[in-house]
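input.cif, holding mmCIF, C-alpha atoms:
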data_my_file
#
loop_
_atom_site.label_atom_id
_atom_site.label_comp_id
_atom_site.auth_asym_id
_atom_site.auth_seq_id
_atom_site.Cartn_x
_atom_site.Cartn_y
_atom_site.Cartn_z
CA MET A 1 90.09 -36.81 167.05
CA ALA A 2 91.85 -37.61 163.78
CA ALA A 3 90.68 -40.68 161.90
CA ALA A 4 93.09 -43.58 161.76
CA PRO A 5 94.77 -43.93 158.36
CA ARG A 6 93.28 -46.60 156.15
CA GLU A 7 95.40 -49.71 155.79
CA ARG A 8 96.73 -50.10 152.28
CA SER A 9 95.55 -53.11 150.32
CA PRO A 10 98.12 -55.89 149.84
CA PHE A 11 99.75 -56.29 146.44
CA LEU A 12 100.54 -59.88 145.34
CA GLY A 13 98.76 -61.21 148.42
CA LEU A 14 96.53 -64.28 148.65
CA LEU A 15 94.02 -64.47 145.80
CA PRO A 16 90.32 -65.05 146.48
CA LEU A 17 89.59 -68.77 146.04
CA PRO A 18 87.36 -68.42 142.91
CA GLU A 19 89.97 -66.21 141.22
CA ARG A 20 92.76 -68.59 142.21
CA THR A 21 90.84 -71.55 140.74
CA ALA A 22 90.13 -69.72 137.47
CA VAL A 23 93.76 -68.62 137.13
CA ALA A 24 95.03 -72.14 137.85
CA GLN A 25 92.78 -73.62 135.16
CA ALA A 26 93.86 -71.04 132.57
CA LEU A 27 97.55 -71.41 133.34
CA ARG A 28 97.49 -75.21 133.33
CA THR A 29 96.55 -75.30 129.65
CA GLU A 30 98.95 -72.45 128.83
CA THR A 31 101.83 -74.31 130.48
CA VAL A 32 101.27 -77.48 128.45
CA GLY A 33 100.78 -75.42 125.31
CA GLY A 34 103.94 -73.47 126.10
CA LEU A 35 105.99 -76.66 126.20
CA VAL A 36 104.57 -77.67 122.79
CA LEU A 37 105.28 -74.14 121.55
CA LEU A 38 108.87 -74.41 122.76
CA ALA A 39 109.27 -77.73 120.93
CA ALA A 40 107.78 -76.23 117.73
CA ALA A 41 110.18 -73.27 117.84
CA VAL A 42 113.17 -75.58 118.27
CA ALA A 43 111.90 -77.79 115.42
CA ALA A 44 111.52 -74.74 113.16
CA LEU A 45 115.08 -73.58 113.85
CA VAL A 46 116.52 -77.06 113.30
CA TRP A 47 114.51 -77.58 110.10
CA ALA A 48 115.37 -74.15 108.66
CA ASN A 49 119.08 -74.75 109.28
CA SER A 50 119.19 -78.35 108.03
CA PRO A 51 119.86 -79.75 104.55
CA TRP A 52 116.05 -79.80 104.15
CA ALA A 53 115.70 -76.02 104.52
CA GLY A 54 114.44 -75.78 100.93
CA THR A 55 111.57 -78.13 101.76
CA TYR A 56 110.70 -75.93 104.75
CA GLU A 57 110.51 -72.83 102.53
CA ARG A 58 108.43 -74.60 99.86
CA ILE A 59 105.90 -75.82 102.43
CA ARG A 60 105.69 -72.40 104.11
CA GLU A 61 105.09 -70.66 100.76
CA PHE A 62 102.66 -73.26 99.36
CA HIS A 63 99.34 -71.58 98.48
CA PHE A 64 95.86 -73.02 98.79
CA GLY A 65 92.36 -71.78 99.54
CA ILE A 66 89.37 -70.31 97.72
CA PRO A 67 90.60 -67.57 95.32
CA ALA A 68 87.02 -66.49 94.48
CA LEU A 69 86.58 -65.46 98.15
CA GLY A 70 89.95 -63.73 98.33
CA LEU A 71 91.33 -66.54 100.49
CA ASP A 72 94.21 -67.96 98.43
CA LEU A 73 96.91 -67.88 101.13
CA SER A 74 100.25 -69.51 101.79
CA VAL A 75 100.66 -72.04 104.60
CA GLY A 76 102.54 -69.37 106.59
CA HIS A 77 99.69 -66.88 106.13
CA TRP A 78 97.02 -69.46 107.00
CA THR A 79 98.75 -70.08 110.33
CA ALA A 80 99.24 -66.35 111.03
CA ASP A 81 95.89 -65.05 109.78
CA GLY A 82 93.76 -68.12 110.36
CA LEU A 83 94.92 -70.36 113.20
CA LEU A 84 96.24 -67.46 115.26
CA THR A 85 92.72 -66.00 115.28
CA LEU A 86 91.85 -68.74 117.78
CA PHE A 87 94.67 -67.53 120.02
CA PHE A 88 93.24 -64.02 119.97
CA LEU A 89 89.70 -65.35 120.48
CA ILE A 90 90.89 -66.97 123.73
CA ALA A 91 92.74 -63.76 124.61
CA GLY A 92 89.52 -61.79 124.09
CA ILE A 93 87.58 -64.17 126.34
CA GLU A 94 90.26 -63.94 129.04
CA LEU A 95 90.27 -60.14 128.81
CA LYS A 96 86.45 -60.11 129.13
CA ARG A 97 86.68 -62.38 132.17
CA GLU A 98 89.28 -60.13 133.77
CA LEU A 99 87.11 -57.06 133.10
CA VAL A 100 83.93 -58.68 134.47
CA VAL A 101 85.03 -60.88 137.37
CA GLY A 102 88.83 -60.73 137.51
CA GLU A 103 91.60 -58.33 138.48
CA LEU A 104 90.44 -55.62 136.06
CA ARG A 105 86.82 -55.42 137.26
CA THR A 106 87.36 -52.38 139.51
CA PRO A 107 89.64 -49.36 139.03
CA ALA A 108 91.33 -50.02 142.38
CA THR A 109 92.44 -53.55 141.50
CA ALA A 110 93.04 -52.80 137.81
CA ALA A 111 95.21 -49.71 138.26
CA LEU A 112 98.44 -51.43 139.24
CA PRO A 113 98.63 -54.24 136.64
CA VAL A 114 97.33 -51.95 133.87
CA ILE A 115 99.92 -49.26 134.67
CA ALA A 116 102.64 -51.92 134.82
CA ALA A 117 101.54 -53.44 131.51
CA PHE A 118 101.33 -50.12 129.67
CA SER A 119 104.70 -49.07 131.06
CA GLY A 120 105.99 -52.44 129.87
CA MET A 121 104.77 -51.60 126.36
CA ILE A 122 105.76 -47.93 126.17
CA VAL A 123 109.35 -48.30 127.40
CA PRO A 124 110.33 -51.09 124.92
CA ALA A 125 108.72 -49.14 122.04
CA ALA A 126 110.59 -45.97 123.06
CA LEU A 127 113.86 -47.86 123.45
CA TYR A 128 113.42 -49.37 119.98
CA ALA A 129 112.69 -45.91 118.53
CA LEU A 130 115.80 -44.43 120.17
CA THR A 131 118.01 -47.29 118.98
CA ALA A 132 116.65 -47.26 115.43
CA SER A 133 116.87 -43.47 115.17
CA ALA A 134 120.42 -43.38 116.49
CA GLY A 135 121.48 -45.97 113.93
CA GLY A 136 119.54 -44.45 111.02
CA GLY A 137 117.17 -47.42 110.84
CA SER A 138 113.45 -47.83 110.21
CA LEU A 139 110.92 -46.97 112.90
CA HIS A 140 108.39 -49.47 111.50
CA GLY A 141 109.28 -52.09 114.09
CA TRP A 142 108.56 -50.00 117.19
CA ALA A 143 105.73 -52.33 118.27
CA VAL A 144 107.65 -55.62 117.92
CA PRO A 145 109.10 -55.74 121.48
CA MET A 146 105.84 -54.70 123.19
CA ALA A 147 104.12 -58.04 123.80
CA THR A 148 104.62 -60.78 126.41
CA ASP A 149 104.14 -64.43 125.43
CA ILE A 150 102.43 -65.98 128.47
CA ALA A 151 102.65 -69.55 127.10
CA PHE A 152 106.38 -69.35 126.48
CA ALA A 153 106.94 -67.71 129.88
CA LEU A 154 105.01 -70.49 131.63
CA ALA A 155 106.97 -73.09 129.67
CA VAL A 156 110.15 -71.58 131.08
CA LEU A 157 108.68 -71.82 134.59
CA ALA A 158 107.76 -75.46 133.96
CA VAL A 159 111.26 -76.29 132.73
CA LEU A 160 112.75 -74.53 135.76
CA SER A 161 110.36 -76.41 138.08
CA THR A 162 109.74 -73.24 140.08
CA HIS A 163 106.99 -73.01 142.71
CA LEU A 164 105.81 -69.51 141.90
CA PRO A 165 102.90 -68.46 144.17
CA ALA A 166 99.49 -68.06 142.56
CA ALA A 167 99.50 -64.27 143.01
CA LEU A 168 102.71 -63.89 140.99
CA ARG A 169 101.36 -66.15 138.26
CA ALA A 170 98.07 -64.21 138.20
CA PHE A 171 99.96 -60.92 137.94
CA LEU A 172 101.96 -62.32 134.99
CA LEU A 173 98.71 -63.51 133.36
CA THR A 174 97.07 -60.09 133.79
CA LEU A 175 100.13 -58.37 132.30
CA ALA A 176 99.99 -60.69 129.30
CA VAL A 177 96.24 -60.15 128.83
CA VAL A 178 96.67 -56.35 128.75
CA ASP A 179 99.70 -56.81 126.49
CA ASP A 180 97.60 -58.87 124.07
CA LEU A 181 94.99 -56.10 123.99
CA GLY A 182 97.72 -53.55 123.27
CA GLY A 183 99.14 -55.78 120.55
CA ILE A 184 95.82 -56.28 118.81
CA LEU A 185 95.07 -52.53 118.96
CA VAL A 186 98.46 -51.84 117.37
CA ILE A 187 97.75 -54.41 114.64
CA ALA A 188 94.26 -53.01 114.01
CA VAL A 189 95.33 -49.35 113.91
CA PHE A 190 98.83 -49.37 112.44
CA PHE A 191 98.89 -52.46 110.23
CA THR A 192 95.61 -52.08 108.39
CA SER A 193 95.91 -51.95 104.59
CA ASP A 194 93.55 -50.18 102.20
CA LEU A 195 90.08 -50.72 103.58
CA ASN A 196 87.31 -52.47 101.70
CA PHE A 197 84.33 -50.76 103.33
CA ALA A 198 81.77 -53.21 101.95
CA ALA A 199 83.59 -56.16 103.54
CA LEU A 200 84.19 -54.16 106.72
CA GLY A 201 80.47 -53.36 106.92
CA GLY A 202 79.67 -57.05 106.47
CA ALA A 203 82.08 -57.98 109.26
CA PHE A 204 80.52 -55.37 111.54
CA ALA A 205 77.02 -56.65 110.72
CA GLY A 206 78.19 -60.17 111.56
CA LEU A 207 79.52 -58.98 114.93
CA VAL A 208 76.20 -57.26 115.66
CA LEU A 209 74.36 -60.52 114.89
CA PHE A 210 76.86 -62.38 117.11
CA TYR A 211 76.05 -59.92 119.92
CA VAL A 212 72.29 -60.30 119.43
CA LEU A 213 72.54 -64.09 119.57
CA GLN A 214 74.45 -63.78 122.83
CA ARG A 215 71.96 -61.33 124.31
CA ARG A 216 69.05 -63.61 123.41
CA ARG A 217 70.85 -66.58 124.99
CA VAL A 218 70.87 -68.56 121.73
CA ARG A 219 72.93 -71.72 122.18
CA GLY A 220 74.43 -74.15 119.66
CA TRP A 221 77.78 -74.19 117.92
CA TRP A 222 76.01 -74.49 114.52
CA TRP A 223 74.99 -70.83 114.90
CA TYR A 224 78.33 -69.44 115.99
CA ALA A 225 80.90 -71.49 114.05
CA PRO A 226 79.67 -70.53 110.51
CA LEU A 227 79.05 -66.96 111.64
CA GLY A 228 82.52 -66.71 113.17
CA ILE A 229 84.17 -68.01 110.00
CA ALA A 230 82.17 -65.51 107.90
CA ILE A 231 83.19 -62.63 110.20
CA TRP A 232 86.82 -63.73 109.97
CA ALA A 233 86.75 -63.94 106.14
CA LEU A 234 85.04 -60.55 105.80
CA MET A 235 87.53 -58.96 108.22
CA TYR A 236 90.44 -60.38 106.21
CA ASN A 237 89.00 -59.10 102.92
CA ALA A 238 88.29 -55.73 104.53
CA GLY A 239 92.04 -55.13 104.90
CA VAL A 240 92.00 -55.42 108.69
CA HIS A 241 94.21 -58.15 110.14
CA ALA A 242 91.88 -61.11 110.58
CA THR A 243 92.97 -61.78 114.18
CA VAL A 244 91.02 -58.65 115.17
CA ALA A 245 87.86 -60.68 114.49
CA GLY A 246 88.94 -63.20 117.11
CA VAL A 247 89.39 -60.58 119.83
CA ALA A 248 86.08 -58.90 118.94
CA MET A 249 84.13 -62.15 119.21
CA GLY A 250 85.93 -63.05 122.45
CA LEU A 251 84.91 -59.73 123.99
CA ILE A 252 81.29 -60.25 122.94
CA LEU A 253 80.97 -63.73 124.46
CA ARG A 254 79.24 -63.69 127.84
CA THR A 255 81.51 -64.66 130.74
CA THR A 256 78.96 -64.51 133.57
CA ARG A 257 76.75 -67.51 134.35
CA ASP A 258 72.98 -67.38 134.23
CA GLU A 259 71.02 -69.18 136.93
CA GLY A 260 71.27 -72.92 136.38
CA GLU A 261 74.29 -72.68 134.06
CA ASP A 262 77.36 -74.77 134.85
CA ARG A 263 79.47 -72.62 132.52
CA SER A 264 79.04 -69.36 130.69
CA PRO A 265 79.37 -69.29 126.86
CA GLY A 266 82.84 -67.79 127.24
CA GLU A 267 83.90 -70.55 129.63
CA ARG A 268 82.50 -73.27 127.35
CA THR A 269 84.22 -71.81 124.29
CA SER A 270 87.52 -71.39 126.10
CA HIS A 271 87.32 -74.93 127.52
CA LEU A 272 86.68 -76.32 124.04
CA LEU A 273 89.14 -74.26 121.99
CA HIS A 274 91.92 -73.40 124.44
CA PRO A 275 93.65 -76.81 124.22
CA PHE A 276 93.55 -76.68 120.40
CA SER A 277 94.77 -73.07 120.36
CA ALA A 278 97.61 -73.69 122.82
CA GLY A 279 98.55 -77.16 121.60
CA VAL A 280 98.06 -76.89 117.82
CA ALA A 281 97.31 -73.40 116.46
CA VAL A 282 100.06 -71.41 118.18
CA PRO A 283 102.76 -74.12 117.78
CA LEU A 284 101.95 -74.38 114.04
CA PHE A 285 102.30 -70.61 113.75
CA ALA A 286 105.65 -70.86 115.55
CA LEU A 287 106.75 -73.71 113.28
CA PHE A 288 106.33 -71.55 110.18
CA ALA A 289 107.33 -68.20 111.73
CA ALA A 290 110.41 -69.09 113.77
CA GLY A 291 112.32 -70.82 110.97
CA VAL A 292 115.23 -68.40 110.76
CA ALA A 293 118.53 -69.30 109.11
CA VAL A 294 121.07 -68.97 111.92
CA SER A 295 124.67 -68.17 111.06
CA THR A 296 127.48 -66.05 112.44
CA ALA A 297 126.56 -63.36 109.94
CA SER A 298 122.83 -63.41 110.77
CA LEU A 299 123.48 -63.29 114.52
CA GLY A 300 125.95 -60.49 113.94
CA GLU A 301 123.20 -58.49 112.20
CA VAL A 302 121.23 -58.49 115.44
CA PHE A 303 123.97 -56.36 117.01
CA THR A 304 125.05 -54.35 113.95
CA ARG A 305 121.70 -53.36 112.39
CA PRO A 306 119.58 -50.84 114.33
CA GLU A 307 116.19 -52.54 113.83
CA PRO A 308 117.01 -55.98 115.28
CA LEU A 309 119.19 -54.41 117.97
CA GLY A 310 116.26 -52.22 118.99
CA VAL A 311 114.00 -55.29 119.19
CA ALA A 312 116.46 -57.26 121.32
CA LEU A 313 117.11 -54.34 123.68
CA GLY A 314 113.38 -53.63 123.89
CA LEU A 315 112.57 -57.18 124.96
CA VAL A 316 115.41 -57.68 127.44
CA LEU A 317 115.96 -54.20 128.86
CA GLY A 318 112.78 -52.33 127.92
CA LYS A 319 110.28 -54.89 129.24
CA THR A 320 112.21 -55.47 132.48
CA VAL A 321 112.71 -51.79 133.30
CA GLY A 322 109.27 -50.76 132.04
CA ILE A 323 107.23 -53.29 134.01
CA PHE A 324 109.30 -53.00 137.18
CA ALA A 325 109.33 -49.19 137.16
CA GLY A 326 105.61 -49.02 136.36
CA THR A 327 104.78 -51.47 139.15
CA TYR A 328 107.02 -49.78 141.71
CA LEU A 329 105.76 -46.26 140.97
CA ALA A 330 102.11 -47.37 140.83
CA ALA A 331 102.49 -49.07 144.23
CA ARG A 332 104.14 -45.99 145.71
CA PHE A 333 101.46 -43.60 144.45
CA THR A 334 98.49 -45.81 145.35
CA ARG A 335 97.46 -47.44 148.58
CA ALA A 336 98.97 -50.78 147.56
CA ARG A 337 101.64 -52.40 149.69
CA LEU A 338 103.74 -55.38 148.70
CA ASN A 339 102.97 -58.75 150.27
CA PRO A 340 105.45 -58.94 153.21
CA ASP A 341 106.34 -62.52 152.23
CA LEU A 342 107.71 -61.26 148.91
CA ALA A 343 110.31 -58.68 147.89
CA TRP A 344 110.71 -56.22 145.04
CA ALA A 345 113.35 -58.61 143.68
CA ASP A 346 110.47 -60.98 142.88
CA VAL A 347 108.70 -58.29 140.86
CA PHE A 348 111.98 -57.57 139.03
CA ALA A 349 112.39 -61.26 138.15
CA LEU A 350 108.80 -61.42 136.89
CA SER A 351 109.44 -58.29 134.82
CA ALA A 352 112.43 -59.99 133.20
CA LEU A 353 110.31 -63.07 132.46
CA ALA A 354 107.79 -60.81 130.68
CA GLY A 355 110.56 -60.00 128.18
CA ILE A 356 109.75 -63.29 126.44
CA GLY A 357 107.77 -61.88 123.52
CA PHE A 358 107.55 -64.73 121.07
CA THR A 359 104.16 -65.22 119.34
CA VAL A 360 102.78 -61.68 119.00
CA ALA A 361 106.28 -60.22 118.53
CA LEU A 362 106.89 -62.52 115.56
CA LEU A 363 103.47 -61.66 114.13
CA ILE A 364 104.03 -57.90 114.40
CA GLY A 365 107.57 -58.36 113.01
CA GLU A 366 106.15 -59.98 109.88
CA LEU A 367 103.60 -57.18 109.50
CA ALA A 368 106.13 -54.39 110.12
CA PHE A 369 108.73 -55.82 107.74
CA PRO A 370 106.98 -57.52 104.77
CA ASP A 371 110.31 -57.89 102.94
CA PRO A 372 111.80 -61.26 104.05
CA SER A 373 115.35 -59.88 103.90
CA ALA A 374 114.39 -57.27 106.51
CA ALA A 375 112.13 -59.58 108.51
CA GLU A 376 114.68 -62.37 109.07
CA PRO A 377 117.08 -60.32 111.27
CA VAL A 378 114.10 -59.01 113.26
CA LYS A 379 112.85 -62.57 113.82
CA ALA A 380 116.35 -63.56 114.92
CA ALA A 381 116.30 -60.63 117.36
CA VAL A 382 112.94 -61.78 118.78
CA LEU A 383 114.32 -65.29 119.32
CA LEU A 384 117.62 -64.09 120.79
CA GLY A 385 115.94 -61.43 122.96
CA SER A 386 113.34 -63.90 124.26
CA LEU A 387 116.05 -66.47 125.02
CA THR A 388 118.15 -63.86 126.86
CA ALA A 389 115.12 -62.71 128.87
CA ALA A 390 114.33 -66.33 129.75
CA LEU A 391 117.90 -66.98 130.96
CA LEU A 392 117.95 -63.75 133.00
CA ALA A 393 114.59 -64.58 134.59
CA ALA A 394 115.76 -68.14 135.28
CA LEU A 395 118.77 -66.88 137.24
CA LEU A 396 116.67 -64.41 139.24
CA LEU A 397 113.82 -66.83 139.97
CA LYS A 398 115.99 -69.78 140.98
CA ARG A 399 117.67 -67.60 143.62
CA ARG A 400 114.29 -67.19 145.34
CA ASN A 401 112.82 -70.62 144.68
CA GLY A 402 113.15 -71.61 148.35
CA VAL A 403 110.83 -68.74 149.29
CA TYR A 404 108.44 -69.63 146.49
CA ARG A 405 108.37 -73.29 147.51
CA ARG A 406 107.44 -72.38 151.10
CA LEU A 407 104.63 -70.03 149.99
CA TYR A 408 103.41 -72.52 147.38
CA GLU A 409 103.22 -75.36 149.89
CA GLU A 410 101.46 -73.15 152.44
CA GLU A 411 98.78 -71.97 150.03
CA ASN A 412 98.17 -75.52 148.73
CA ARG A 413 98.18 -77.42 152.06
CA ASP A 414 94.92 -79.33 152.59
CA ASP A 415 95.35 -81.34 155.78
CA ASP A 416 91.64 -82.19 156.11
CA HIS A 417 91.44 -83.35 152.46
CA ASP A 418 88.21 -81.46 151.74
CA GLY A 419 89.45 -80.02 148.44
CA ILE A 420 89.79 -76.48 149.83
CA PRO A 421 93.27 -75.27 150.88
CA ASP A 422 93.47 -74.76 154.63
CA ILE A 423 94.67 -71.18 154.22
CA TYR A 424 91.16 -70.24 153.03
CA GLN A 425 89.52 -71.76 156.10
CA ARG A 426 91.41 -69.96 158.80
CA PRO A 427 89.32 -67.58 160.93
CA PRO A 428 90.00 -63.91 160.21
CA ALA A 429 92.35 -62.18 162.59
CA GLN A 430 90.51 -60.35 165.40
CA PRO A 431 91.33 -56.69 165.86
CA GLN A 432 93.28 -55.95 169.03
CA HIS A 433 91.92 -53.38 171.47
CA THR A 434 94.57 -51.46 173.36
CA GLY A 435 92.33 -49.18 175.40
CA PRO A 436 88.81 -48.62 176.70
#
File written out as structure tokens:
Amino acid sequence: MAAAPRERSPFLGLLPLPERTAVAQALRTETVGGLVLLAAAVAALVWANSPWAGTYERIREFHFGIPALGLDLSVGHWTADGLLTLFFLIAGIELKRELVVGELRTPATAALPVIAAFSGMIVPAALYALTASAGGGSLHGWAVPMATDIAFALAVLAVLSTHLPAALRAFLLTLAVVDDLGGILVIAVFFTSDLNFAALGGAFAGLVLFYVLQRRRVRGWWWYAPLGIAIWALMYNAGVHATVAGVAMGLILRTTRDEGEDRSPGERTSHLLHPFSAGVAVPLFALFAAGVAVSTASLGEVFTRPEPLGVALGLVLGKTVGIFAGTYLAARFTRARLNPDLAWADVFALSALAGIGFTVALLIGELAFPDPSAAEPVKAAVLLGSLTAALLAALLLKRRNGVYRRLYEEENRDDDHDGIPDIYQRPPAQPQHTGP
């Protein structure tokens, strides 16, 4: 007698309660930070196009620091190389959590979002390369349209007042986490200047000491804060982009709880630094990175020069097609089946939302095009592409908001007021027997 076929696991179905709680906590801070980020980007554009644009430039280019330690940087570089390290530290912690206890902990659950994320990075990069090559432009910006800005995407959802189910939000978060890893690998490998091996060795030794302290369960910020700053400074002087230090330390931090612990070191660090990263560090970076002079001529360059056109097409078309195609094909060739309460149109809308590539895209744009005259049109393309992706996603998501509202209310209903949604307390369905 032939064995009955195994039922395929649901894709975008109900999350386990611990995972749902962790995702909700992470996204709550990101949403608030995204709204601040949105305000900072608008402020930068208004300031850079006002009569006080000269003041904006002077502040951004003002240098301060410790020259003897190789740390005499402009305000713009301090926000990109310094404050943004906190953003990547949080990203490293979130990636570690996903790998240990989240969606990426097993190959079966990791396959689909990882394939979707990598497809969502490869297709925009290829589309940029095709566009730049066809127009005789530079290929240096191939990585600019690869990354998704989760905070900006969640800010758009907050402005739209959508009721996106937790599974869709978790899928978007996982995509962004893998995107961040891809972005930092690109920065580390392709945008590393001449290496100072002595400083690099010092940074590596610092990371080893950081790991040993974690393994020996040493607690106390007075150990880790000075060590982290030293690792960051050595990484910067080594010629490797300093944000790599943030990701490395985030991946080292322990994210599992020992017996008797309320929070793991990764959870404590994220709880302490995430609000500052999302509410201060990233918005300050945006304030001094998004200040692009907007004019008819500059906007026209987005469509007439191959590099910015490739960035805009990569964000709007490449991310949407790449993520959707990767998700659809991965689901078809695995045992995953889509949640029957959702449709592939929902995945397409989420793919369009992932085309918002603000923070990391601006950072890579500055690294790929050090000349300000070349960087400004690329920045304009990032802003225009992200805005277009946001508007496209808004149209697609609002069409389905009635469905989302119903699912959201069902998964959050708590009629007995015990703090646990009722959907998690229903008895499992009993198998039906149709014969002896």
Please identify all polymer residues within 7 Å of A:Pro377, counting all atoms listed in the file, omitting same-chain residues fewer than 6 positions from it, and present them as a list in words.
Ser298, Glu301, Val302 and Pro308 of chain A
Explicit residues for the PyMOL selection byres ((chain A and resi 170-180) around 7) (as a list of chain:residue names):
A:Val23, A:Ala91, A:Leu95, A:Pro113, A:Val114, A:Ala117, A:Ala147, A:Thr148, A:Asp149, A:Ile150, A:Ala166, A:Ala167, A:Leu168, A:Arg169, A:Leu181, A:Gly182, A:Gly183, A:Ile184
Nearest to A:Ala43: which of A:Met121, A:Tyr56, A:Asn412, A:Ala108 is it, counting all atoms listed in the file?
A:Tyr56
With distances taken over only C-alpha atoms, which residue among A:Leu83, A:Ala290, A:Leu213, A:Leu38 lies nearest A:Gly246?
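The answer is A:Leu83, which sits nearest to A:Gly246.
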From the list A:Ala242, A:Leu112, A:Leu89, A:Ile66, the nearest residue to A:Phe333 using all atoms listed in the file is A:Leu112
Can you give me, as number ranges by chain, the residues this file yields under the PyMOL selection byres ((chain A and resi 407) around 10)?
A: 163-166, 341-342, 401-406, 408-412
So that I can check the surroundings of A:Gly291, please list as an mmCIF file with C-alpha atoms, keeping the file's coordinate frame every protein, DNA and RNA residue that reaches within 7 Å of it, counting only C-alpha atoms and ignoring chain neighbours fewer than 5 positions away.
data_model
loop_
_atom_site.group_PDB
_atom_site.id
_atom_site.type_symbol
_atom_site.label_atom_id
_atom_site.label_comp_id
_atom_site.auth_asym_id
_atom_site.auth_seq_id
_atom_site.Cartn_x
_atom_site.Cartn_y
_atom_site.Cartn_z
ATOM 1 C CA ALA A 44 111.520 -74.740 113.160
ATOM 2 C CA LEU A 45 115.080 -73.580 113.850
ATOM 3 C CA ALA A 48 115.370 -74.150 108.660
#
Find the distance between atom CA of A:Gly239 and atom CA of A:Val282 and write it in Å to one decimal.
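Separating atom CA of A:Gly239 from atom CA of A:Val282 is a distance of 22.5 Å.
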Would you list the contacts of A:Pro265 as a list of chain:residue names, taking every protein, DNA or RNA residue within 8 Å and counting all atoms listed in the file, but skipping same-chain residues closer than 6 positions in sequence?
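Counting all atoms listed in the file, the residues come to A:Leu253, A:Arg254, A:Thr255.
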Please determine, counting only C-alpha atoms, which residue among A:Val292, A:Asp371, A:Gly365, A:Gly220 has the shortest atom-to-atom distance to A:Val46.
A:Val292
Residues of stretch 116-226 of chain A that approach stretch 32-35 of chain A to 12 Å or less, counting only C-alpha atoms: could you list each one with the shortest pair of atoms and its distance in Å to one decimal, rows by chain and increasing residue number, as CSV?
residue,atom,partner,partner_atom,distance
A:Asp149,CA,A:Gly34,CA,9.1
A:Ile150,CA,A:Gly34,CA,8.0
A:Ala151,CA,A:Gly34,CA,4.2
A:Phe152,CA,A:Gly34,CA,4.8
A:Ala153,CA,A:Gly34,CA,7.5
A:Leu154,CA,A:Gly34,CA,6.4
A:Ala155,CA,A:Gly34,CA,4.7
A:Val156,CA,A:Leu35,CA,8.2
A:Leu157,CA,A:Gly34,CA,9.9
A:Ala158,CA,A:Leu35,CA,8.0
A:Val159,CA,A:Leu35,CA,8.4
A:Leu160,CA,A:Leu35,CA,11.9
Which of these residues is nearest to A:Leu69, using all atoms listed in the file: A:Ala286, A:Ile90, A:Val218, A:Asn237?
A:Asn237
Shell around A:Pro370 at 12 Å using all atoms listed in the file, local window under 5 positions removed, as an NGL selection string
:A and (77 or 140-141 or 191 or 362-365 or 375-376 or 378-379)
One number please: atom CA of A:Glu57 to atom CA of A:Leu299, in Å, one decimal.
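Spanning atom CA of A:Glu57 to atom CA of A:Leu299 is a straight-line distance of 20.1 Å.
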